[in-house]
$ cat work_12.cif   # mmCIF, C-alpha atoms
data_data
loop_
_atom_site.label_atom_id
_atom_site.label_comp_id
_atom_site.auth_asym_id
_atom_site.auth_seq_id
_atom_site.Cartn_x
_atom_site.Cartn_y
_atom_site.Cartn_z
CA MET A 16 -67.31 -10.71 -74.86
CA HIS A 17 -66.38 -10.61 -71.18
CA PHE A 18 -63.90 -13.23 -69.96
CA GLN A 19 -64.00 -14.03 -66.27
CA GLU A 20 -60.73 -14.99 -64.58
CA PRO A 21 -60.81 -18.35 -62.73
CA THR A 22 -61.01 -18.16 -58.96
CA ILE A 23 -58.33 -19.49 -56.62
CA GLY A 24 -60.63 -22.39 -55.82
CA GLU A 25 -61.12 -23.28 -59.47
CA ILE A 26 -57.37 -23.23 -60.09
CA ILE A 27 -56.66 -25.44 -57.06
CA GLN A 28 -59.47 -27.79 -58.05
CA LYS A 29 -58.11 -28.25 -61.56
CA ALA A 30 -54.45 -28.54 -60.51
CA ASN A 31 -55.15 -31.12 -57.78
CA ASN A 32 -57.88 -33.06 -59.65
CA LEU A 33 -60.27 -32.66 -56.73
CA THR A 34 -63.48 -34.67 -56.87
CA PRO A 35 -66.94 -33.11 -56.38
CA ASP A 36 -67.12 -34.69 -52.90
CA GLN A 37 -63.77 -33.17 -51.96
CA ILE A 38 -64.89 -29.78 -53.25
CA GLU A 39 -68.05 -30.02 -51.18
CA SER A 40 -66.08 -30.88 -48.04
CA ILE A 41 -63.78 -27.89 -48.62
CA LEU A 42 -66.76 -25.57 -49.11
CA GLY A 43 -68.37 -26.93 -45.95
CA TYR A 44 -65.18 -26.32 -43.94
CA GLN A 45 -64.92 -22.87 -45.51
CA ARG A 46 -68.46 -21.92 -44.43
CA GLU A 47 -68.09 -23.34 -40.95
CA HIS A 48 -64.73 -21.75 -40.13
CA LYS A 49 -65.13 -18.61 -42.26
CA VAL A 50 -61.81 -19.06 -44.04
CA ARG A 51 -60.78 -18.88 -47.67
CA PHE A 52 -60.99 -21.80 -50.04
CA GLY A 53 -57.24 -22.34 -50.10
CA GLU A 54 -56.97 -22.31 -46.30
CA ALA A 55 -59.81 -24.83 -46.05
CA ALA A 56 -58.18 -27.12 -48.63
CA VAL A 57 -54.88 -27.02 -46.73
CA ALA A 58 -56.60 -27.64 -43.39
CA LEU A 59 -58.31 -30.76 -44.83
CA GLY A 60 -55.07 -32.04 -46.37
CA LEU A 61 -56.42 -31.73 -49.93
CA ALA A 62 -53.80 -29.12 -50.92
CA ASN A 63 -50.65 -27.63 -49.45
CA SER A 64 -49.44 -24.08 -49.04
CA ASP A 65 -47.36 -24.33 -52.21
CA ASP A 66 -50.51 -25.23 -54.16
CA VAL A 67 -52.20 -22.10 -52.81
CA MET A 68 -49.23 -19.89 -53.63
CA TRP A 69 -49.10 -21.33 -57.15
CA ALA A 70 -52.83 -20.73 -57.63
CA LEU A 71 -52.50 -17.16 -56.38
CA ALA A 72 -49.62 -16.56 -58.80
CA GLN A 73 -51.68 -17.99 -61.66
CA GLN A 74 -54.62 -15.74 -60.89
CA PHE A 75 -52.46 -12.62 -60.92
CA HIS A 76 -50.31 -13.79 -63.86
CA TYR A 77 -47.25 -13.80 -61.62
CA PRO A 78 -44.32 -16.07 -62.65
CA TYR A 79 -43.88 -18.71 -59.96
CA SER A 80 -41.82 -21.88 -59.92
CA GLY A 81 -42.83 -23.34 -56.57
CA GLU A 82 -40.86 -25.14 -53.89
CA ARG A 83 -41.40 -28.57 -55.43
CA ASP A 84 -40.23 -27.53 -58.88
CA GLY A 85 -36.61 -28.55 -59.34
CA MET A 86 -36.15 -26.30 -62.36
CA PHE A 87 -34.22 -23.61 -60.45
CA SER A 88 -31.84 -23.48 -57.52
CA LYS A 89 -33.40 -22.68 -54.14
CA GLU A 90 -31.30 -19.51 -54.23
CA LEU A 91 -33.75 -18.05 -56.75
CA VAL A 92 -36.26 -16.98 -54.12
CA ILE A 93 -38.07 -14.61 -56.51
CA ALA A 94 -39.26 -17.66 -58.47
CA LYS A 95 -39.28 -20.33 -55.75
CA ASN A 96 -40.89 -18.32 -52.96
CA PRO A 97 -42.05 -14.98 -54.40
CA PHE A 98 -44.23 -14.05 -51.40
CA SER A 99 -41.46 -14.41 -48.81
CA PRO A 100 -39.88 -11.49 -46.90
CA GLN A 101 -36.64 -12.06 -48.85
CA ALA A 102 -38.46 -11.72 -52.18
CA GLU A 103 -40.23 -8.58 -51.00
CA ALA A 104 -36.88 -7.07 -49.96
CA ILE A 105 -35.52 -7.81 -53.44
CA ARG A 106 -38.51 -6.13 -55.10
CA THR A 107 -38.05 -3.10 -52.83
CA THR A 108 -34.40 -2.90 -53.87
CA ARG A 109 -35.47 -3.18 -57.50
CA SER A 110 -37.70 -0.12 -57.05
CA HIS A 111 -34.81 1.89 -55.60
CA LEU A 112 -32.52 0.87 -58.47
CA ILE A 113 -35.15 1.85 -61.04
CA MET A 114 -35.47 5.30 -59.49
CA LYS A 115 -31.69 5.68 -59.51
CA MET A 116 -31.04 4.35 -63.00
CA TYR A 117 -33.96 5.60 -65.03
CA SER A 118 -34.40 9.11 -63.73
CA GLY A 119 -33.15 12.02 -65.81
CA SER A 120 -32.10 12.08 -69.44
CA GLU A 121 -28.87 10.08 -69.29
CA PRO A 122 -28.36 7.24 -71.80
CA ARG A 123 -29.45 3.79 -70.69
CA LYS A 124 -26.80 1.72 -68.98
CA ALA A 125 -26.24 -1.88 -68.02
CA LEU A 126 -26.04 -2.49 -64.26
CA THR A 127 -22.94 -4.32 -63.01
CA ILE A 128 -23.07 -6.20 -59.69
CA LEU A 129 -19.79 -5.75 -57.80
CA SER A 130 -18.33 -6.82 -54.48
CA ALA A 131 -14.92 -6.93 -52.87
CA ASN A 132 -14.72 -10.59 -51.88
CA SER A 133 -15.90 -14.02 -52.94
CA GLY A 134 -18.94 -15.23 -50.99
CA ASP A 135 -20.48 -11.76 -50.75
CA GLY A 136 -23.66 -12.91 -52.51
CA ARG A 137 -23.14 -11.30 -55.92
CA SER A 138 -24.49 -14.20 -57.99
CA TYR A 139 -27.46 -14.65 -55.63
CA PHE A 140 -28.27 -10.94 -55.80
CA ALA A 141 -27.76 -10.70 -59.58
CA ALA A 142 -29.96 -13.73 -60.30
CA ASN A 143 -32.82 -12.60 -58.06
CA MET A 144 -32.63 -8.99 -59.17
CA ALA A 145 -32.73 -10.05 -62.83
CA ALA A 146 -35.75 -12.26 -62.11
CA ALA A 147 -37.41 -9.35 -60.29
CA PHE A 148 -36.80 -6.99 -63.21
CA SER A 149 -38.23 -9.59 -65.59
CA GLN A 150 -41.54 -9.45 -63.74
CA LEU A 151 -41.97 -5.88 -64.96
CA SER A 152 -42.81 -5.01 -68.54
CA GLY A 153 -40.08 -5.38 -71.13
CA ARG A 154 -37.24 -7.86 -71.57
CA THR A 155 -34.45 -8.45 -69.06
CA LEU A 156 -31.03 -9.93 -69.80
CA LEU A 157 -28.68 -11.34 -67.15
CA ILE A 158 -25.07 -11.63 -68.31
CA ASP A 159 -22.76 -13.92 -66.38
CA ALA A 160 -19.44 -12.10 -66.79
CA ASN A 161 -17.78 -13.98 -63.94
CA MET A 162 -15.40 -15.78 -66.28
CA ARG A 163 -13.42 -17.12 -63.32
CA SER A 164 -16.11 -19.04 -61.42
CA PRO A 165 -19.49 -18.72 -63.20
CA ARG A 166 -22.65 -19.70 -61.31
CA GLN A 167 -25.68 -18.31 -63.14
CA HIS A 168 -26.10 -21.43 -65.30
CA GLU A 169 -26.34 -23.47 -62.09
CA ILE A 170 -28.90 -21.16 -60.48
CA PHE A 171 -31.12 -21.20 -63.60
CA ASN A 172 -30.33 -24.81 -64.57
CA LEU A 173 -29.06 -23.82 -68.01
CA ALA A 174 -26.56 -25.42 -70.35
CA ASN A 175 -23.08 -23.87 -70.08
CA ALA A 176 -21.05 -26.11 -72.37
CA GLY A 177 -19.59 -24.59 -75.51
CA THR A 178 -20.86 -21.18 -76.60
CA GLY A 179 -21.43 -18.26 -74.27
CA LEU A 180 -19.95 -14.89 -73.37
CA SER A 181 -16.39 -16.13 -73.79
CA SER A 182 -17.27 -17.34 -77.28
CA ILE A 183 -18.62 -13.91 -78.25
CA LEU A 184 -15.53 -12.10 -76.96
CA THR A 185 -13.20 -14.42 -78.87
CA GLY A 186 -15.26 -14.16 -82.05
CA ARG A 187 -16.25 -17.83 -82.04
CA ALA A 188 -20.03 -17.41 -81.67
CA VAL A 189 -22.66 -15.06 -83.04
CA THR A 190 -25.96 -16.90 -82.54
CA ASN A 191 -27.76 -19.11 -79.99
CA VAL A 192 -25.73 -17.87 -77.03
CA ILE A 193 -28.53 -16.12 -75.12
CA GLN A 194 -30.90 -18.58 -73.45
CA PRO A 195 -34.54 -17.95 -72.45
CA VAL A 196 -35.57 -18.90 -68.92
CA LYS A 197 -38.56 -21.21 -68.64
CA THR A 198 -41.48 -20.00 -66.46
CA LEU A 199 -39.93 -16.49 -66.47
CA PRO A 200 -40.89 -15.50 -70.01
CA ASN A 201 -39.29 -12.03 -70.02
CA LEU A 202 -35.92 -13.19 -68.68
CA PHE A 203 -32.90 -14.25 -70.73
CA VAL A 204 -29.44 -15.35 -69.59
CA LEU A 205 -26.09 -15.15 -71.34
CA PRO A 206 -23.89 -17.73 -69.57
CA VAL A 207 -20.10 -17.69 -69.63
CA GLY A 208 -19.77 -20.81 -71.76
CA THR A 209 -16.25 -22.23 -71.76
CA THR A 210 -14.25 -20.76 -68.87
CA PRO A 211 -11.31 -18.93 -70.48
CA PRO A 212 -7.72 -18.85 -69.19
CA ASN A 213 -7.53 -15.06 -69.72
CA PRO A 214 -10.75 -13.51 -68.31
CA LEU A 215 -9.33 -10.03 -67.62
CA GLU A 216 -7.91 -9.73 -71.13
CA LEU A 217 -11.29 -10.73 -72.62
CA ALA A 218 -13.09 -8.17 -70.45
CA GLU A 219 -10.71 -5.46 -71.67
CA ARG A 220 -11.35 -6.17 -75.35
CA PRO A 221 -13.37 -3.57 -77.30
CA ALA A 222 -15.77 -6.39 -78.18
CA PHE A 223 -17.22 -6.27 -74.65
CA GLY A 224 -18.28 -2.63 -74.91
CA LEU A 225 -19.58 -3.14 -78.44
CA MET A 226 -21.62 -6.13 -77.26
CA ILE A 227 -23.16 -4.13 -74.38
CA ARG A 228 -24.15 -1.28 -76.69
CA GLU A 229 -25.78 -3.73 -79.09
CA LEU A 230 -27.65 -5.55 -76.32
CA LEU A 231 -28.93 -2.29 -74.82
CA SER A 232 -30.83 -1.77 -78.05
CA LYS A 233 -32.52 -5.17 -77.71
CA PHE A 234 -33.27 -5.45 -73.97
CA ASP A 235 -35.00 -3.11 -71.55
CA HIS A 236 -32.90 -4.10 -68.53
CA ILE A 237 -29.41 -5.64 -68.44
CA LEU A 238 -27.69 -6.88 -65.28
CA VAL A 239 -24.14 -8.21 -65.22
CA ASP A 240 -22.63 -10.61 -62.68
CA THR A 241 -18.85 -10.25 -62.16
CA PRO A 242 -15.95 -11.76 -60.20
CA ALA A 243 -14.97 -10.31 -56.82
CA LEU A 244 -12.31 -7.59 -56.77
CA SER A 245 -10.13 -9.97 -54.73
CA GLN A 246 -9.94 -12.20 -57.83
CA GLY A 247 -8.84 -9.45 -60.20
CA MET A 248 -9.84 -6.19 -61.87
CA ASP A 249 -12.40 -7.83 -64.16
CA GLY A 250 -15.39 -6.33 -62.34
CA ALA A 251 -14.10 -2.76 -62.45
CA VAL A 252 -13.22 -3.08 -66.14
CA ILE A 253 -16.64 -4.52 -66.95
CA ALA A 254 -18.42 -1.84 -64.88
CA ALA A 255 -16.66 0.86 -66.88
CA LYS A 256 -18.02 -0.63 -70.11
CA CYS A 257 -21.52 -1.10 -68.72
CA GLY A 258 -21.74 2.40 -67.26
CA ALA A 259 -23.38 1.67 -63.89
CA ALA A 260 -22.66 -0.45 -60.83
CA VAL A 261 -24.19 -1.43 -57.53
CA LEU A 262 -21.83 -2.40 -54.71
CA LEU A 263 -22.58 -5.34 -52.44
CA ALA A 264 -21.24 -5.83 -48.93
CA ARG A 265 -21.92 -8.84 -46.75
CA GLN A 266 -23.00 -8.14 -43.20
CA ASN A 267 -20.33 -9.01 -40.59
CA HIS A 268 -18.06 -10.22 -43.40
CA THR A 269 -16.97 -7.44 -45.77
CA ARG A 270 -14.20 -5.17 -44.48
CA VAL A 271 -14.38 -1.40 -44.92
CA ASP A 272 -10.90 -1.23 -46.47
CA SER A 273 -11.99 -3.81 -49.07
CA LEU A 274 -14.96 -1.62 -50.06
CA GLN A 275 -12.68 1.41 -50.22
CA SER A 276 -10.42 -0.46 -52.63
CA LEU A 277 -13.42 -1.31 -54.80
CA VAL A 278 -14.61 2.30 -54.88
CA GLY A 279 -11.07 3.41 -55.69
CA ALA A 280 -10.93 1.05 -58.65
CA LEU A 281 -14.21 2.45 -59.99
CA ARG A 282 -12.99 6.04 -59.66
CA MET A 283 -10.52 5.35 -62.46
CA SER A 284 -13.49 5.37 -64.85
CA ASP A 285 -16.73 7.34 -65.13
CA THR A 286 -18.83 4.45 -63.82
CA THR A 287 -21.98 5.62 -62.05
CA ILE A 288 -22.39 3.99 -58.63
CA VAL A 289 -26.16 3.73 -58.22
CA GLY A 290 -26.10 2.30 -54.73
CA SER A 291 -24.48 0.22 -52.01
CA ILE A 292 -26.34 -2.74 -50.53
CA VAL A 293 -25.62 -4.77 -47.41
CA VAL A 294 -26.80 -8.37 -47.66
CA ASP A 295 -26.99 -11.08 -45.02
CA HIS A 296 -27.05 -13.98 -47.50
#

$ encode --input "work_12.cif" --output "structure tokens"
Amino acid sequence: MHFQEPTIGEIIQKANNLTPDQIESILGYQREHKVRFGEAAVALGLANSDDVMWALAQQFHYPYSGERDGMFSKELVIAKNPFSPQAEAIRTTRSHLIMKMYSGSEPRKALTILSANSGDGRSYFAANMAAAFSQLSGRTLLIDANMRSPRQHEIFNLANAGTGLSSILTGRAVTNVIQPVKTLPNLFVLPVGTTPPNPLELAERPAFGLMIRELLSKFDHILVDTPALSQGMDGAVIAAKCGAAVLLARQNHTRVDSLQSLVGALRMSDTTIVGSIVVDH
């Protein structure tokens, strides 16, 4: 039996409850102006551009939240505006990281997101990169290891009270700490949970490395958000246990000597630096 995918017009019609008369007026405008159904619907005020983007995403089975959906923060451009230049730049970066991380015969590693200073865009980059990886095949896990000022639960609108990463590292939680992300079915997030008073000590515990090794057997891609180097050595310690890191610098903001300090901290371990990225966020 052959199943025919619905057209963009059919998806818009169903989503907007368009009447037969409205459909006929759209088709008439479409024929007269030689435009696509979605463009005609927008021109007549019977749909908006977000409706068209949502319909396009549905047709191509592409996870899409939409501008009007308050489920995620506006920072999550991969879900809120996946056809924007920013989202395309993130997907391009994802391709480069895949070529760097999954070429050769080395063991799989978790990718740590590092930067020298607060405000460099680490959480923004980590969230969007994790969402971009989740749009590939396989399962992606985003770990919020910024146990000083966690943000991933805010970006993804997830609960952060009680159990989380800090609970695992202190031996107080073993189940129900990893949360699935709605509308992004292949993405999971491990939030910090209760913010601990001793984040560096928790990062240094053997439990962190053991946890990463266990999770690498369950997820295809793991990305880890961390605190800035200016807040402590947490990020470098975590990167050493994850095995790989990407360095972020903010355009017209990050100083060269700060990046040199970050690279110097990583040289104390065998962490693989898979790339350096300049962001303007």

$ resolve_selection --input "work_12.cif" --expression "the PyMOL selection byres ((chain A and resi 209) around 12)" --output "PDB file with C-alpha atoms, keeping the file's coordinate frame"
ATOM      1  CA  ASP A 159     -22.760 -13.920 -66.380  1.00  0.00           C
ATOM      2  CA  ALA A 160     -19.440 -12.100 -66.790  1.00  0.00           C
ATOM      3  CA  ASN A 161     -17.780 -13.980 -63.940  1.00  0.00           C
ATOM      4  CA  MET A 162     -15.400 -15.780 -66.280  1.00  0.00           C
ATOM      5  CA  ARG A 163     -13.420 -17.120 -63.320  1.00  0.00           C
ATOM      6  CA  SER A 164     -16.110 -19.040 -61.420  1.00  0.00           C
ATOM      7  CA  PRO A 165     -19.490 -18.720 -63.200  1.00  0.00           C
ATOM      8  CA  HIS A 168     -26.100 -21.430 -65.300  1.00  0.00           C
ATOM      9  CA  ALA A 174     -26.560 -25.420 -70.350  1.00  0.00           C
ATOM     10  CA  ASN A 175     -23.080 -23.870 -70.080  1.00  0.00           C
ATOM     11  CA  ALA A 176     -21.050 -26.110 -72.370  1.00  0.00           C
ATOM     12  CA  GLY A 177     -19.590 -24.590 -75.510  1.00  0.00           C
ATOM     13  CA  THR A 178     -20.860 -21.180 -76.600  1.00  0.00           C
ATOM     14  CA  GLY A 179     -21.430 -18.260 -74.270  1.00  0.00           C
ATOM     15  CA  LEU A 180     -19.950 -14.890 -73.370  1.00  0.00           C
ATOM     16  CA  SER A 181     -16.390 -16.130 -73.790  1.00  0.00           C
ATOM     17  CA  SER A 182     -17.270 -17.340 -77.280  1.00  0.00           C
ATOM     18  CA  ILE A 183     -18.620 -13.910 -78.250  1.00  0.00           C
ATOM     19  CA  LEU A 184     -15.530 -12.100 -76.960  1.00  0.00           C
ATOM     20  CA  THR A 185     -13.200 -14.420 -78.870  1.00  0.00           C
ATOM     21  CA  ARG A 187     -16.250 -17.830 -82.040  1.00  0.00           C
ATOM     22  CA  ALA A 188     -20.030 -17.410 -81.670  1.00  0.00           C
ATOM     23  CA  VAL A 192     -25.730 -17.870 -77.030  1.00  0.00           C
ATOM     24  CA  PRO A 206     -23.890 -17.730 -69.570  1.00  0.00           C
ATOM     25  CA  VAL A 207     -20.100 -17.690 -69.630  1.00  0.00           C
ATOM     26  CA  GLY A 208     -19.770 -20.810 -71.760  1.00  0.00           C
ATOM     27  CA  THR A 210     -14.250 -20.760 -68.870  1.00  0.00           C
ATOM     28  CA  PRO A 211     -11.310 -18.930 -70.480  1.00  0.00           C
ATOM     29  CA  PRO A 212      -7.720 -18.850 -69.190  1.00  0.00           C
ATOM     30  CA  ASN A 213      -7.530 -15.060 -69.720  1.00  0.00           C
ATOM     31  CA  PRO A 214     -10.750 -13.510 -68.310  1.00  0.00           C
TER      32      PRO A 214
END

$ resolve_selection --input "work_12.cif" --expression "the PyMOL selection byres ((chain A and resi 60) around 12)" --output "list in words"
Asn31, Leu33, Gln37, Ser40, Ile41, Tyr44, Gly53, Glu54, Ala55, Ala56, Val57, Ala58, Leu59, Leu61, Ala62, Asn63, Ser64 and Asp66 of chain A

$ residues_around --input "work_12.cif" --residues "segment 136-152 of chain A" --least-positions-apart "5" --cutoff "8 Å" --atoms "only C-alpha atoms" --output "number ranges by chain"
A: 77-78, 90-94, 105-106, 109, 128-130, 157, 166-167, 170, 199-202, 236-241, 263, 265, 294, 296

$ atom_distance --input "work_12.cif" --atom1 "atom CA of Ser284 of chain A" --atom2 "atom CA of Pro122 of chain A"
16.5 Å

$ atom_distance --input "work_12.cif" --atom1 "atom CA of Leu262 of chain A" --atom2 "atom CA of Ser291 of chain A"
4.6 Å

$ atom_distance --input "work_12.cif" --atom1 "atom CA of Ser276 of chain A" --atom2 "atom CA of Gly134 of chain A"
17.1 Å

$ closest_residue --input "work_12.cif" --among "A:Leu156, A:Ala131, A:Leu225, A:Ala125" --to "Met248 of chain A" --atoms "only C-alpha atoms"
A:Ala131

$ closest_residue --input "work_12.cif" --among "A:Tyr117, A:Phe98, A:Phe223, A:Phe203" --to "Val252 of chain A" --atoms "all atoms listed in the file"
A:Phe223

$ closest_residue --input "work_12.cif" --among "A:His48, A:Ser232, A:Thr190, A:Asp295" --to "Asn267 of chain A" --atoms "only C-alpha atoms"
A:Asp295
